$ cat start_36.cif   # mmCIF, C-alpha atoms
data_target
#
loop_
_atom_site.label_atom_id
_atom_site.label_comp_id
_atom_site.auth_asym_id
_atom_site.auth_seq_id
_atom_site.Cartn_x
_atom_site.Cartn_y
_atom_site.Cartn_z
CA MET A 1 16.49 282.54 193.78
CA ALA A 2 14.98 282.63 190.28
CA ALA A 3 17.10 279.64 189.35
CA LEU A 4 14.99 277.53 191.78
CA SER A 5 11.59 278.88 190.70
CA HIS A 6 10.74 275.66 188.81
CA VAL A 7 11.45 273.58 191.93
CA LEU A 8 9.87 275.67 194.68
CA PRO A 9 6.20 275.06 193.69
CA LEU A 10 6.76 271.38 194.47
CA LEU A 11 7.76 272.20 198.06
CA SER A 12 5.60 273.11 201.03
CA PRO A 13 5.70 276.78 202.10
CA ALA A 14 7.79 275.83 205.13
CA ALA A 15 10.19 273.82 203.03
CA SER A 16 10.36 276.56 200.41
CA ALA A 17 11.34 279.10 203.04
CA SER A 18 14.18 276.85 204.18
CA VAL A 19 15.69 276.46 200.71
CA ARG A 20 19.03 278.18 200.44
CA TYR A 21 20.35 279.18 197.02
CA VAL A 22 23.79 277.80 196.24
CA PRO A 23 25.68 279.41 193.34
CA TYR A 24 26.02 277.08 190.35
CA GLY A 25 29.82 276.77 190.51
CA ARG A 26 29.73 275.89 194.17
CA ARG A 27 26.86 273.46 193.65
CA ALA A 28 28.88 271.67 190.96
CA GLY A 29 31.82 271.47 193.33
CA LEU A 30 29.65 270.07 196.13
CA LEU A 31 28.18 267.48 193.79
CA ARG A 32 31.67 266.43 192.65
CA CYS A 33 32.79 266.11 196.28
CA ALA A 34 29.71 264.07 197.14
CA ALA A 35 30.27 261.79 194.14
CA ALA A 36 33.94 261.33 195.04
CA ALA A 37 33.03 260.53 198.65
CA GLY A 38 30.47 258.00 197.45
CA GLN A 39 32.99 256.30 195.19
CA ALA A 40 35.62 256.23 197.92
CA GLY A 41 33.05 254.68 200.24
CA PHE A 42 32.25 252.06 197.61
CA PHE A 43 35.87 250.92 197.34
CA THR A 44 36.39 250.96 201.11
CA ARG A 45 33.26 248.86 201.59
CA MET A 46 34.30 246.50 198.80
CA GLY A 47 37.75 245.95 200.31
CA ARG A 48 36.25 245.33 203.75
CA LEU A 49 33.72 242.79 202.45
CA ILE A 50 36.39 240.86 200.57
CA LYS A 51 38.65 240.85 203.63
CA GLU A 52 35.84 239.68 205.90
CA LYS A 53 34.92 236.90 203.49
CA ALA A 54 38.56 235.77 203.49
CA LYS A 55 38.48 235.37 207.27
CA SER A 56 35.40 233.16 206.94
CA ASP A 57 37.32 231.03 204.40
CA VAL A 58 40.11 230.21 206.85
CA GLU A 59 39.64 226.47 206.19
CA LYS A 60 40.73 226.99 202.57
CA LEU A 61 43.85 228.75 203.79
CA PHE A 62 44.52 226.00 206.32
CA SER A 63 44.25 223.22 203.72
CA GLY A 64 46.22 225.25 201.18
CA PHE A 65 49.28 225.30 203.42
CA SER A 66 49.15 221.63 204.41
CA LYS A 67 52.55 220.84 202.86
CA THR A 68 54.31 223.73 204.58
CA ARG A 69 52.58 222.83 207.84
CA GLU A 70 53.78 219.23 207.46
CA ASN A 71 57.33 220.52 207.02
CA LEU A 72 57.01 222.59 210.19
CA SER A 73 55.40 219.83 212.25
CA VAL A 74 58.89 219.11 213.56
CA VAL A 75 58.53 222.32 215.61
CA ASP A 76 56.00 220.65 217.90
CA GLU A 77 58.17 217.54 218.15
CA LEU A 78 61.16 219.65 219.14
CA LEU A 79 59.36 221.79 221.68
CA THR A 80 57.09 219.24 223.37
CA TYR A 81 59.92 217.87 225.54
CA TRP A 82 62.17 220.92 225.44
CA ASN A 83 64.35 221.65 228.44
CA LEU A 84 67.00 224.28 229.03
CA VAL A 85 69.92 221.87 228.60
CA ASP A 86 68.81 221.03 225.03
CA THR A 87 68.35 224.66 223.95
CA ASP A 88 71.19 224.83 221.40
CA ARG A 89 70.30 221.52 219.74
CA VAL A 90 66.59 222.36 219.57
CA LEU A 91 67.20 225.83 218.14
CA ASP A 92 69.60 224.44 215.52
CA GLU A 93 66.96 221.97 214.37
CA LEU A 94 64.30 224.68 214.43
CA GLU A 95 66.51 226.85 212.23
CA GLU A 96 66.88 223.97 209.78
CA ALA A 97 63.09 223.51 209.63
CA LEU A 98 62.64 227.21 208.78
CA LEU A 99 65.31 227.02 206.06
CA VAL A 100 63.70 223.93 204.49
CA SER A 101 60.40 225.83 204.31
CA ASP A 102 62.14 228.69 202.44
CA PHE A 103 62.08 231.34 205.13
CA GLY A 104 65.59 232.15 203.92
CA PRO A 105 68.86 232.35 205.88
CA LYS A 106 68.48 235.97 206.97
CA ILE A 107 65.03 235.52 208.50
CA SER A 108 65.73 232.07 209.94
CA PHE A 109 68.88 233.27 211.70
CA ARG A 110 67.14 236.39 213.00
CA ILE A 111 64.19 234.45 214.43
CA VAL A 112 66.38 231.83 216.12
CA ASP A 113 68.70 234.50 217.56
CA THR A 114 65.67 236.32 219.02
CA LEU A 115 64.39 233.10 220.61
CA ARG A 116 67.83 232.25 221.98
CA GLU A 117 68.13 235.67 223.60
CA GLU A 118 64.65 235.49 225.16
CA ILE A 119 65.36 232.01 226.54
CA ARG A 120 68.66 233.20 227.98
CA ASP A 121 66.91 236.17 229.61
CA GLY A 122 64.36 233.87 231.21
CA LYS A 123 61.43 235.25 229.21
CA LEU A 124 60.61 231.87 227.66
CA LYS A 125 60.34 228.95 230.06
CA SER A 126 58.41 226.27 228.17
CA GLY A 127 58.06 224.78 224.72
CA ALA A 128 54.60 226.37 224.37
CA GLU A 129 56.03 229.81 225.13
CA ILE A 130 58.81 229.30 222.57
CA LYS A 131 56.27 228.34 219.89
CA ASP A 132 54.14 231.39 220.67
CA ALA A 133 57.26 233.59 220.46
CA LEU A 134 58.18 232.00 217.12
CA LYS A 135 54.75 232.82 215.68
CA ARG A 136 54.93 236.34 217.12
CA CYS A 137 58.32 236.95 215.43
CA ILE A 138 56.96 235.90 212.03
CA LEU A 139 53.81 237.98 212.44
CA GLU A 140 55.86 241.05 213.39
CA LEU A 141 58.03 240.62 210.29
CA LEU A 142 54.96 240.48 208.05
CA THR A 143 53.14 243.41 209.62
CA SER A 144 56.12 245.73 210.10
CA LYS A 145 57.60 245.22 206.63
CA GLY A 146 54.49 244.38 204.61
CA GLY A 147 52.43 247.49 205.26
CA ASN A 148 48.77 247.45 204.26
CA SER A 149 47.70 244.24 202.54
CA GLU A 150 44.33 245.64 201.48
CA LEU A 151 43.86 246.82 197.91
CA GLN A 152 44.27 250.59 197.55
CA LEU A 153 41.68 251.50 194.92
CA GLY A 154 41.66 255.26 195.21
CA PHE A 155 38.71 257.62 195.42
CA ARG A 156 37.13 257.54 191.97
CA LYS A 157 35.73 255.06 189.50
CA PRO A 158 36.96 253.17 187.70
CA ALA A 159 39.76 251.78 189.83
CA VAL A 160 42.49 250.28 187.62
CA ILE A 161 44.58 247.23 188.51
CA MET A 162 47.49 246.21 186.30
CA ILE A 163 48.64 242.57 186.55
CA VAL A 164 52.27 241.74 185.66
CA GLY A 165 54.53 238.69 185.87
CA VAL A 166 56.47 236.02 184.01
CA ASN A 167 54.90 233.35 181.79
CA GLY A 168 53.41 230.41 183.64
CA GLY A 169 53.05 232.10 187.00
CA GLY A 170 49.24 232.15 186.93
CA LYS A 171 48.82 235.78 185.89
CA THR A 172 45.71 235.50 183.70
CA THR A 173 44.08 232.99 186.04
CA SER A 174 44.68 235.31 189.00
CA LEU A 175 43.06 238.17 187.10
CA GLY A 176 40.02 236.00 186.39
CA LYS A 177 39.71 235.00 190.05
CA LEU A 178 40.00 238.65 191.10
CA ALA A 179 37.15 239.49 188.73
CA TYR A 180 35.08 236.70 190.28
CA ARG A 181 35.61 238.10 193.80
CA PHE A 182 34.66 241.64 192.81
CA LYS A 183 31.65 240.56 190.74
CA ASN A 184 30.39 238.59 193.73
CA GLU A 185 30.41 241.82 195.73
CA GLY A 186 28.38 243.65 193.10
CA ALA A 187 31.12 245.49 191.20
CA LYS A 188 30.87 246.24 187.49
CA VAL A 189 34.11 244.77 186.07
CA LEU A 190 35.85 245.32 182.74
CA MET A 191 38.79 243.17 181.65
CA ALA A 192 41.53 244.30 179.27
CA ALA A 193 43.29 241.58 177.26
CA GLY A 194 46.69 243.26 177.17
CA ASP A 195 48.58 240.03 176.46
CA THR A 196 48.51 240.44 172.70
CA PHE A 197 51.49 238.15 172.06
CA ARG A 198 49.66 234.94 172.96
CA ALA A 199 46.34 234.23 171.27
CA ALA A 200 45.74 231.61 173.98
CA ALA A 201 45.97 234.29 176.66
CA ARG A 202 43.24 236.34 174.99
CA ASP A 203 41.07 233.24 174.58
CA GLN A 204 41.68 232.31 178.22
CA LEU A 205 40.64 235.75 179.41
CA GLU A 206 37.49 235.64 177.25
CA VAL A 207 36.56 232.39 179.02
CA TRP A 208 37.10 234.07 182.40
CA ALA A 209 34.97 237.03 181.30
CA GLU A 210 32.15 234.68 180.40
CA ARG A 211 32.50 232.67 183.64
CA THR A 212 32.44 235.78 185.83
CA GLY A 213 29.92 237.83 183.88
CA SER A 214 32.48 240.56 183.15
CA GLU A 215 32.92 242.59 179.99
CA ILE A 216 36.20 242.46 178.06
CA VAL A 217 38.20 244.63 175.65
CA ILE A 218 40.28 242.63 173.16
CA ASP A 219 42.49 243.30 170.17
CA ASN A 220 39.99 242.55 167.39
CA ASP A 221 42.37 242.97 164.46
CA LYS A 222 45.18 241.15 166.32
CA LYS A 223 47.65 243.89 165.40
CA ALA A 224 47.34 246.33 168.28
CA LYS A 225 50.09 246.76 170.84
CA PRO A 226 49.34 246.08 174.54
CA PRO A 227 49.41 249.80 175.54
CA ALA A 228 46.72 250.57 172.94
CA VAL A 229 44.42 247.82 174.25
CA LEU A 230 44.84 248.95 177.86
CA SER A 231 44.24 252.60 176.97
CA GLN A 232 41.06 251.71 175.09
CA ALA A 233 39.80 249.65 178.04
CA VAL A 234 40.36 252.37 180.64
CA LYS A 235 38.70 255.00 178.45
CA ARG A 236 35.70 252.73 178.00
CA GLY A 237 35.63 251.98 181.74
CA ASN A 238 35.55 255.69 182.49
CA ARG A 239 32.98 256.46 179.82
CA GLU A 240 30.57 253.63 180.69
CA GLY A 241 30.76 253.83 184.48
CA TYR A 242 32.63 250.65 185.35
CA ASP A 243 33.80 250.18 188.93
CA LEU A 244 36.96 248.28 188.11
CA VAL A 245 39.24 247.73 185.11
CA LEU A 246 41.54 244.69 185.35
CA CYS A 247 44.46 244.92 182.93
CA ASP A 248 46.26 241.77 181.82
CA THR A 249 49.76 242.12 180.36
CA SER A 250 52.07 239.84 178.41
CA GLY A 251 54.17 237.47 180.49
CA ARG A 252 57.86 238.20 180.25
CA LEU A 253 61.16 237.18 181.74
CA HIS A 254 62.53 239.81 184.09
CA THR A 255 65.83 239.56 182.18
CA ASN A 256 64.28 240.72 178.87
CA TYR A 257 64.97 244.45 178.85
CA GLY A 258 62.82 245.27 175.80
CA LEU A 259 59.69 243.58 177.12
CA MET A 260 60.20 245.03 180.59
CA GLU A 261 60.34 248.51 179.05
CA GLU A 262 57.01 247.83 177.37
CA LEU A 263 55.49 247.59 180.85
CA VAL A 264 56.62 251.16 181.44
CA SER A 265 54.71 252.18 178.30
CA CYS A 266 51.61 250.34 179.55
CA LYS A 267 51.80 252.15 182.88
CA LYS A 268 52.19 255.53 181.15
CA VAL A 269 49.20 255.09 178.82
CA LEU A 270 46.99 254.11 181.76
CA ALA A 271 47.94 257.31 183.58
CA LYS A 272 47.31 259.32 180.42
CA ALA A 273 43.90 257.73 179.86
CA LEU A 274 42.87 258.25 183.50
CA PRO A 275 44.90 260.44 185.89
CA GLY A 276 45.97 258.43 188.93
CA ALA A 277 45.82 255.07 187.14
CA PRO A 278 46.85 252.39 187.74
CA ASN A 279 45.78 252.26 191.39
CA GLU A 280 47.58 248.97 191.91
CA ILE A 281 50.35 247.12 190.04
CA LEU A 282 50.21 243.52 191.24
CA LEU A 283 53.08 241.15 190.50
CA VAL A 284 52.10 237.48 190.26
CA LEU A 285 54.78 235.16 191.66
CA ASP A 286 54.81 231.37 191.44
CA GLY A 287 55.11 230.06 195.00
CA THR A 288 56.68 226.79 193.86
CA THR A 289 59.85 228.68 192.88
CA GLY A 290 60.46 229.57 196.52
CA LEU A 291 63.26 232.04 197.17
CA ASN A 292 64.06 232.16 193.43
CA MET A 293 61.13 234.57 193.09
CA LEU A 294 63.05 237.31 194.90
CA GLN A 295 65.14 238.35 191.89
CA GLN A 296 62.03 238.49 189.70
CA ALA A 297 60.33 240.68 192.26
CA ARG A 298 63.29 243.06 192.49
CA GLU A 299 63.49 243.50 188.71
CA PHE A 300 59.77 244.11 188.21
CA ASN A 301 59.69 246.51 191.12
CA ASP A 302 62.64 248.49 189.76
CA VAL A 303 60.96 248.85 186.36
CA VAL A 304 57.29 249.56 187.16
CA GLY A 305 57.01 250.07 190.91
CA VAL A 306 55.10 247.04 192.18
CA THR A 307 52.48 247.87 194.83
CA GLY A 308 51.63 244.33 195.91
CA PHE A 309 52.18 240.63 195.29
CA ILE A 310 49.90 237.77 194.34
CA LEU A 311 51.59 234.52 195.37
CA THR A 312 50.15 231.53 193.50
CA LYS A 313 50.34 227.72 193.72
CA LEU A 314 51.18 227.74 197.43
CA ASP A 315 48.98 224.67 197.90
CA GLY A 316 51.42 222.66 195.77
CA THR A 317 54.57 223.48 197.70
CA ALA A 318 56.14 223.15 201.14
CA ARG A 319 57.87 226.51 200.61
CA GLY A 320 55.31 228.70 202.33
CA GLY A 321 58.08 230.57 204.14
CA CYS A 322 58.79 232.39 200.88
CA VAL A 323 55.80 234.61 201.72
CA VAL A 324 57.73 236.00 204.67
CA SER A 325 60.97 236.24 202.68
CA VAL A 326 59.56 238.31 199.84
CA VAL A 327 57.86 240.75 202.22
CA ASN A 328 60.94 241.10 204.40
CA GLU A 329 63.34 241.62 201.49
CA LEU A 330 61.31 244.15 199.51
CA GLY A 331 58.92 245.75 202.00
CA ILE A 332 56.02 245.25 199.58
CA PRO A 333 52.80 243.68 200.89
CA VAL A 334 51.31 240.41 199.74
CA LYS A 335 47.75 241.21 198.65
CA PHE A 336 46.49 237.77 197.63
CA ILE A 337 47.63 234.15 197.85
CA GLY A 338 46.57 231.23 195.68
CA VAL A 339 45.82 228.10 197.68
CA GLY A 340 43.94 225.93 195.17
CA GLU A 341 42.46 225.56 191.70
CA GLY A 342 38.93 226.73 192.50
CA MET A 343 37.53 230.14 191.61
CA GLU A 344 37.38 231.09 195.30
CA ASP A 345 40.88 229.88 196.10
CA LEU A 346 42.57 233.23 195.51
CA GLN A 347 42.49 234.50 199.08
CA PRO A 348 43.11 238.04 200.37
CA PHE A 349 46.25 237.83 202.47
CA ASP A 350 45.83 238.03 206.23
CA ALA A 351 49.13 237.83 208.15
CA GLU A 352 47.64 236.44 211.35
CA ALA A 353 45.63 233.74 209.55
CA PHE A 354 48.73 232.83 207.52
CA VAL A 355 50.87 232.31 210.63
CA GLU A 356 48.18 230.14 212.21
CA ALA A 357 47.85 228.10 208.99
CA ILE A 358 51.53 227.17 208.61
CA PHE A 359 52.04 225.88 212.15
CA PRO A 360 50.40 222.66 213.36
#
$ encode --input "start_36.cif" --output "structure tokens"
Amino acid sequence: MAALSHVLPLLSPAASASVRYVPYGRRAGLLRCAAAAGQAGFFTRMGRLIKEKAKSDVEKLFSGFSKTRENLSVVDELLTYWNLVDTDRVLDELEEALLVSDFGPKISFRIVDTLREEIRDGKLKSGAEIKDALKRCILELLTSKGGNSELQLGFRKPAVIMIVGVNGGGKTTSLGKLAYRFKNEGAKVLMAAGDTFRAAARDQLEVWAERTGSEIVIDNDKKAKPPAVLSQAVKRGNREGYDLVLCDTSGRLHTNYGLMEELVSCKKVLAKALPGAPNEILLVLDGTTGLNMLQQAREFNDVVGVTGFILTKLDGTARGGCVVSVVNELGIPVKFIGVGEGMEDLQPFDAEAFVEAIFP
């Protein structure tokens, strides 16, 4: 009780009598648990706020998929005057519409076969019911294969997100837009300019840091390797109490073995600098490449273990079905989708909102 003698005079007699001495070691443990719980609560709250804001931005999503929706407008034309006699013709044309929108052969055939079976069994008796069943099939594919689309940021600060991808996919821009979203929710963000091969990439990230009010760690002598820059950033983030460290990496072709191995080194130094890091490894994929992105995704996943996708430039393509294809093929969730050039146009992925956005 002597350890509390300097505190007790400040308390009322009743309060003093109720004070229970907790051994120092146990007190330290309780404080650590409380701090960890507080940090976990911070990240859970942050993820929820970002997700809720995305649902309020449904108009951005709707306009972002206008080209895919135009491609799929034939669905309404086919189903408005559907009758049982025309089933085979209508389903063949529906299958073609899905293929043109880059749903891929496997998914397109599966969806149409499911619809055909339900029509034959008498479960679907109108064009409206067929359209609802079509949307349900796509939603089930996304939710059953995609898992949790929310960011998994762990239970302690700083959370670390590593961004990977090929050149030209929108990797650095996506990182900047992520920083903008988190800063808007009150997070303290640190960027790491791990793309040391392109001076323009470092300059671009410095611009994003200034625009979003984030701090940045760069290679000042222009000789450091990417793993060294990332390690320095995470150590600083931990030391100075940052909430989030966003790590940019050099763009690389998935066929370049040497550069892909460097990503492994980056991942290892992050874990060494902060146990449990990185919390997320997000692969940025260019939506305009459609199904061609699948091989990229497989290679990156094999090398570093991708935890989620950011699909960019979907506003400039009619290939929105590739979202479903990449989730179905790899079982990795889409975390964000890019539907415009604005700072707020990187949207957290919501499967239900996506399905509603691509159908007229």
$ axis_aligned_box --input "start_36.cif" --around "segment 227-243 of chain A" --padding-each-side "6 Å" --output "AutoDock Vina command-line options"
--center_x 40.0 --center_y 252.1 --center_z 180.9 --size_x 30.8 --size_y 20.6 --size_z 28.0
$ residues_around --input "start_36.cif" --residues "segment 171-181 of chain A" --least-positions-apart "2" --cutoff "6 Å" --atoms "only C-alpha atoms" --output "short mmCIF file (atom, residue, chain, number, x, y, z; two decimals) with C-alpha atoms, in the coordinates of the input"
data_model
loop_
_atom_site.label_atom_id
_atom_site.label_comp_id
_atom_site.auth_asym_id
_atom_site.auth_seq_id
_atom_site.Cartn_x
_atom_site.Cartn_y
_atom_site.Cartn_z
CA GLY A 169 53.05 232.10 187.00
CA LYS A 183 31.65 240.56 190.74
CA ASN A 184 30.39 238.59 193.73
CA TRP A 208 37.10 234.07 182.40
CA THR A 212 32.44 235.78 185.83
CA VAL A 284 52.10 237.48 190.26
CA MET A 343 37.53 230.14 191.61
#
$ atom_distance --input "start_36.cif" --atom1 "atom CA of Ile107 of chain A" --atom2 "atom CA of Leu330 of chain A"
13.0 Å
$ closest_residue --input "start_36.cif" --among "A:Phe336, A:Phe103, A:Phe197, A:Phe182" --to "Gly320 of chain A" --atoms "only C-alpha atoms"
A:Phe103
$ closest_residue --input "start_36.cif" --among "A:Lys268, A:Arg156, A:Arg239, A:Arg69" --to "Pro226 of chain A" --atoms "all atoms listed in the file"
A:Lys268
$ resolve_selection --input "start_36.cif" --expression "the PyMOL selection byres ((chain A and resi 323) around 12)" --output "MDAnalysis selection string"
chainID A and resid 65 68 101:104 107 138:139 141:142 145:146 285:294 309:314 317:322 324:338 349:351 354:355 358
$ resolve_selection --input "start_36.cif" --expression "the PyMOL selection byres ((chain A and resi 190) around 7)" --output "ChimeraX atom specification"
/A:188-189,191-192,214-216,237,242,244-246
$ closest_residue --input "start_36.cif" --among "A:Glu352, A:Glu77, A:Pro360, A:Thr249" --to "Cys137 of chain A" --atoms "all atoms listed in the file"
A:Glu352
$ closest_residue --input "start_36.cif" --among "A:Gly316, A:Gly340, A:Gly305, A:Gly276" --to "Val160 of chain A" --atoms "only C-alpha atoms"
A:Gly276
$ atom_distance --input "start_36.cif" --atom1 "atom CA of Val90 of chain A" --atom2 "atom CA of Leu78 of chain A"
6.1 Å
$ atom_distance --input "start_36.cif" --atom1 "atom CA of Gln152 of chain A" --atom2 "atom CA of Asp203 of chain A"
29.0 Å
$ closest_residue --input "start_36.cif" --among "A:Val229, A:Val100, A:Ala128, A:Leu282" --to "Cys266 of chain A" --atoms "all atoms listed in the file"
A:Val229
$ decode --input "start_36.cif" --residues "segment 310-320 of chain A" --atoms "all heavy atoms" --output "PDB file, in the first residue's frame"
ATOM      1  N   ILE A 310      -6.751  -3.914 -54.965  1.00  0.00           N
ATOM      2  CA  ILE A 310      -7.283  -2.603 -55.326  1.00  0.00           C
ATOM      3  C   ILE A 310      -7.426  -2.623 -56.840  1.00  0.00           C
ATOM      4  O   ILE A 310      -6.423  -2.743 -57.549  1.00  0.00           O
ATOM      5  CB  ILE A 310      -6.351  -1.453 -54.895  1.00  0.00           C
ATOM      6  CG1 ILE A 310      -6.188  -1.425 -53.376  1.00  0.00           C
ATOM      7  CG2 ILE A 310      -6.894  -0.120 -55.385  1.00  0.00           C
ATOM      8  CD1 ILE A 310      -5.207  -0.363 -52.877  1.00  0.00           C
ATOM      9  N   LEU A 311      -8.646  -2.544 -57.341  1.00  0.00           N
ATOM     10  CA  LEU A 311      -8.882  -2.537 -58.783  1.00  0.00           C
ATOM     11  C   LEU A 311      -9.110  -1.098 -59.228  1.00  0.00           C
ATOM     12  O   LEU A 311     -10.043  -0.436 -58.768  1.00  0.00           O
ATOM     13  CB  LEU A 311     -10.097  -3.406 -59.141  1.00  0.00           C
ATOM     14  CG  LEU A 311      -9.789  -4.873 -59.483  1.00  0.00           C
ATOM     15  CD1 LEU A 311      -9.087  -5.563 -58.330  1.00  0.00           C
ATOM     16  CD2 LEU A 311     -11.043  -5.636 -59.863  1.00  0.00           C
ATOM     17  N   THR A 312      -8.236  -0.616 -60.127  1.00  0.00           N
ATOM     18  CA  THR A 312      -8.267   0.785 -60.545  1.00  0.00           C
ATOM     19  C   THR A 312      -8.831   0.938 -61.955  1.00  0.00           C
ATOM     20  O   THR A 312      -8.966  -0.039 -62.703  1.00  0.00           O
ATOM     21  CB  THR A 312      -6.856   1.393 -60.508  1.00  0.00           C
ATOM     22  OG1 THR A 312      -6.015   0.685 -61.435  1.00  0.00           O
ATOM     23  CG2 THR A 312      -6.254   1.286 -59.113  1.00  0.00           C
ATOM     24  N   LYS A 313      -9.157   2.182 -62.301  1.00  0.00           N
ATOM     25  CA  LYS A 313      -9.548   2.582 -63.665  1.00  0.00           C
ATOM     26  C   LYS A 313     -10.801   1.867 -64.163  1.00  0.00           C
ATOM     27  O   LYS A 313     -10.990   1.727 -65.367  1.00  0.00           O
ATOM     28  CB  LYS A 313      -8.374   2.355 -64.635  1.00  0.00           C
ATOM     29  CG  LYS A 313      -7.068   2.994 -64.172  1.00  0.00           C
ATOM     30  CD  LYS A 313      -5.933   2.746 -65.142  1.00  0.00           C
ATOM     31  CE  LYS A 313      -4.615   3.262 -64.602  1.00  0.00           C
ATOM     32  NZ  LYS A 313      -3.478   3.026 -65.515  1.00  0.00           N
ATOM     33  N   LEU A 314     -11.652   1.442 -63.253  1.00  0.00           N
ATOM     34  CA  LEU A 314     -12.860   0.726 -63.666  1.00  0.00           C
ATOM     35  C   LEU A 314     -13.879   1.655 -64.318  1.00  0.00           C
ATOM     36  O   LEU A 314     -14.781   1.197 -65.018  1.00  0.00           O
ATOM     37  CB  LEU A 314     -13.488   0.014 -62.466  1.00  0.00           C
ATOM     38  CG  LEU A 314     -12.704  -1.216 -61.977  1.00  0.00           C
ATOM     39  CD1 LEU A 314     -13.227  -1.684 -60.631  1.00  0.00           C
ATOM     40  CD2 LEU A 314     -12.781  -2.355 -62.989  1.00  0.00           C
ATOM     41  N   ASP A 315     -13.710   2.976 -64.103  1.00  0.00           N
ATOM     42  CA  ASP A 315     -14.610   3.928 -64.748  1.00  0.00           C
ATOM     43  C   ASP A 315     -14.317   4.055 -66.230  1.00  0.00           C
ATOM     44  O   ASP A 315     -15.160   4.525 -66.991  1.00  0.00           O
ATOM     45  CB  ASP A 315     -14.483   5.303 -64.089  1.00  0.00           C
ATOM     46  CG  ASP A 315     -13.044   5.819 -64.117  1.00  0.00           C
ATOM     47  OD1 ASP A 315     -12.149   5.041 -63.730  1.00  0.00           O
ATOM     48  OD2 ASP A 315     -12.827   6.976 -64.514  1.00  0.00           O
ATOM     49  N   GLY A 316     -13.135   3.626 -66.663  1.00  0.00           N
ATOM     50  CA  GLY A 316     -12.744   3.766 -68.069  1.00  0.00           C
ATOM     51  C   GLY A 316     -12.894   2.493 -68.878  1.00  0.00           C
ATOM     52  O   GLY A 316     -12.364   2.392 -69.986  1.00  0.00           O
ATOM     53  N   THR A 317     -13.608   1.520 -68.337  1.00  0.00           N
ATOM     54  CA  THR A 317     -13.714   0.237 -69.029  1.00  0.00           C
ATOM     55  C   THR A 317     -15.113  -0.342 -68.886  1.00  0.00           C
ATOM     56  O   THR A 317     -15.843  -0.007 -67.947  1.00  0.00           O
ATOM     57  CB  THR A 317     -12.689  -0.774 -68.474  1.00  0.00           C
ATOM     58  OG1 THR A 317     -12.809  -2.008 -69.176  1.00  0.00           O
ATOM     59  CG2 THR A 317     -12.908  -1.029 -67.000  1.00  0.00           C
ATOM     60  N   ALA A 318     -15.473  -1.200 -69.851  1.00  0.00           N
ATOM     61  CA  ALA A 318     -16.751  -1.921 -69.778  1.00  0.00           C
ATOM     62  C   ALA A 318     -16.521  -3.326 -69.244  1.00  0.00           C
ATOM     63  O   ALA A 318     -17.377  -4.189 -69.354  1.00  0.00           O
ATOM     64  CB  ALA A 318     -17.399  -1.968 -71.158  1.00  0.00           C
ATOM     65  N   ARG A 319     -15.332  -3.552 -68.648  1.00  0.00           N
ATOM     66  CA  ARG A 319     -14.945  -4.887 -68.201  1.00  0.00           C
ATOM     67  C   ARG A 319     -15.135  -5.087 -66.703  1.00  0.00           C
ATOM     68  O   ARG A 319     -14.338  -5.737 -66.041  1.00  0.00           O
ATOM     69  CB  ARG A 319     -13.483  -5.138 -68.564  1.00  0.00           C
ATOM     70  CG  ARG A 319     -13.212  -5.162 -70.066  1.00  0.00           C
ATOM     71  CD  ARG A 319     -11.723  -5.243 -70.341  1.00  0.00           C
ATOM     72  NE  ARG A 319     -11.446  -5.757 -71.671  1.00  0.00           N
ATOM     73  CZ  ARG A 319     -10.225  -6.074 -72.108  1.00  0.00           C
ATOM     74  NH1 ARG A 319      -9.180  -5.918 -71.298  1.00  0.00           N
ATOM     75  NH2 ARG A 319     -10.047  -6.540 -73.321  1.00  0.00           N
ATOM     76  N   GLY A 320     -16.181  -4.517 -66.162  1.00  0.00           N
ATOM     77  CA  GLY A 320     -16.407  -4.597 -64.717  1.00  0.00           C
ATOM     78  C   GLY A 320     -16.554  -6.009 -64.196  1.00  0.00           C
ATOM     79  O   GLY A 320     -16.347  -6.263 -63.006  1.00  0.00           O
TER      80      GLY A 320
END
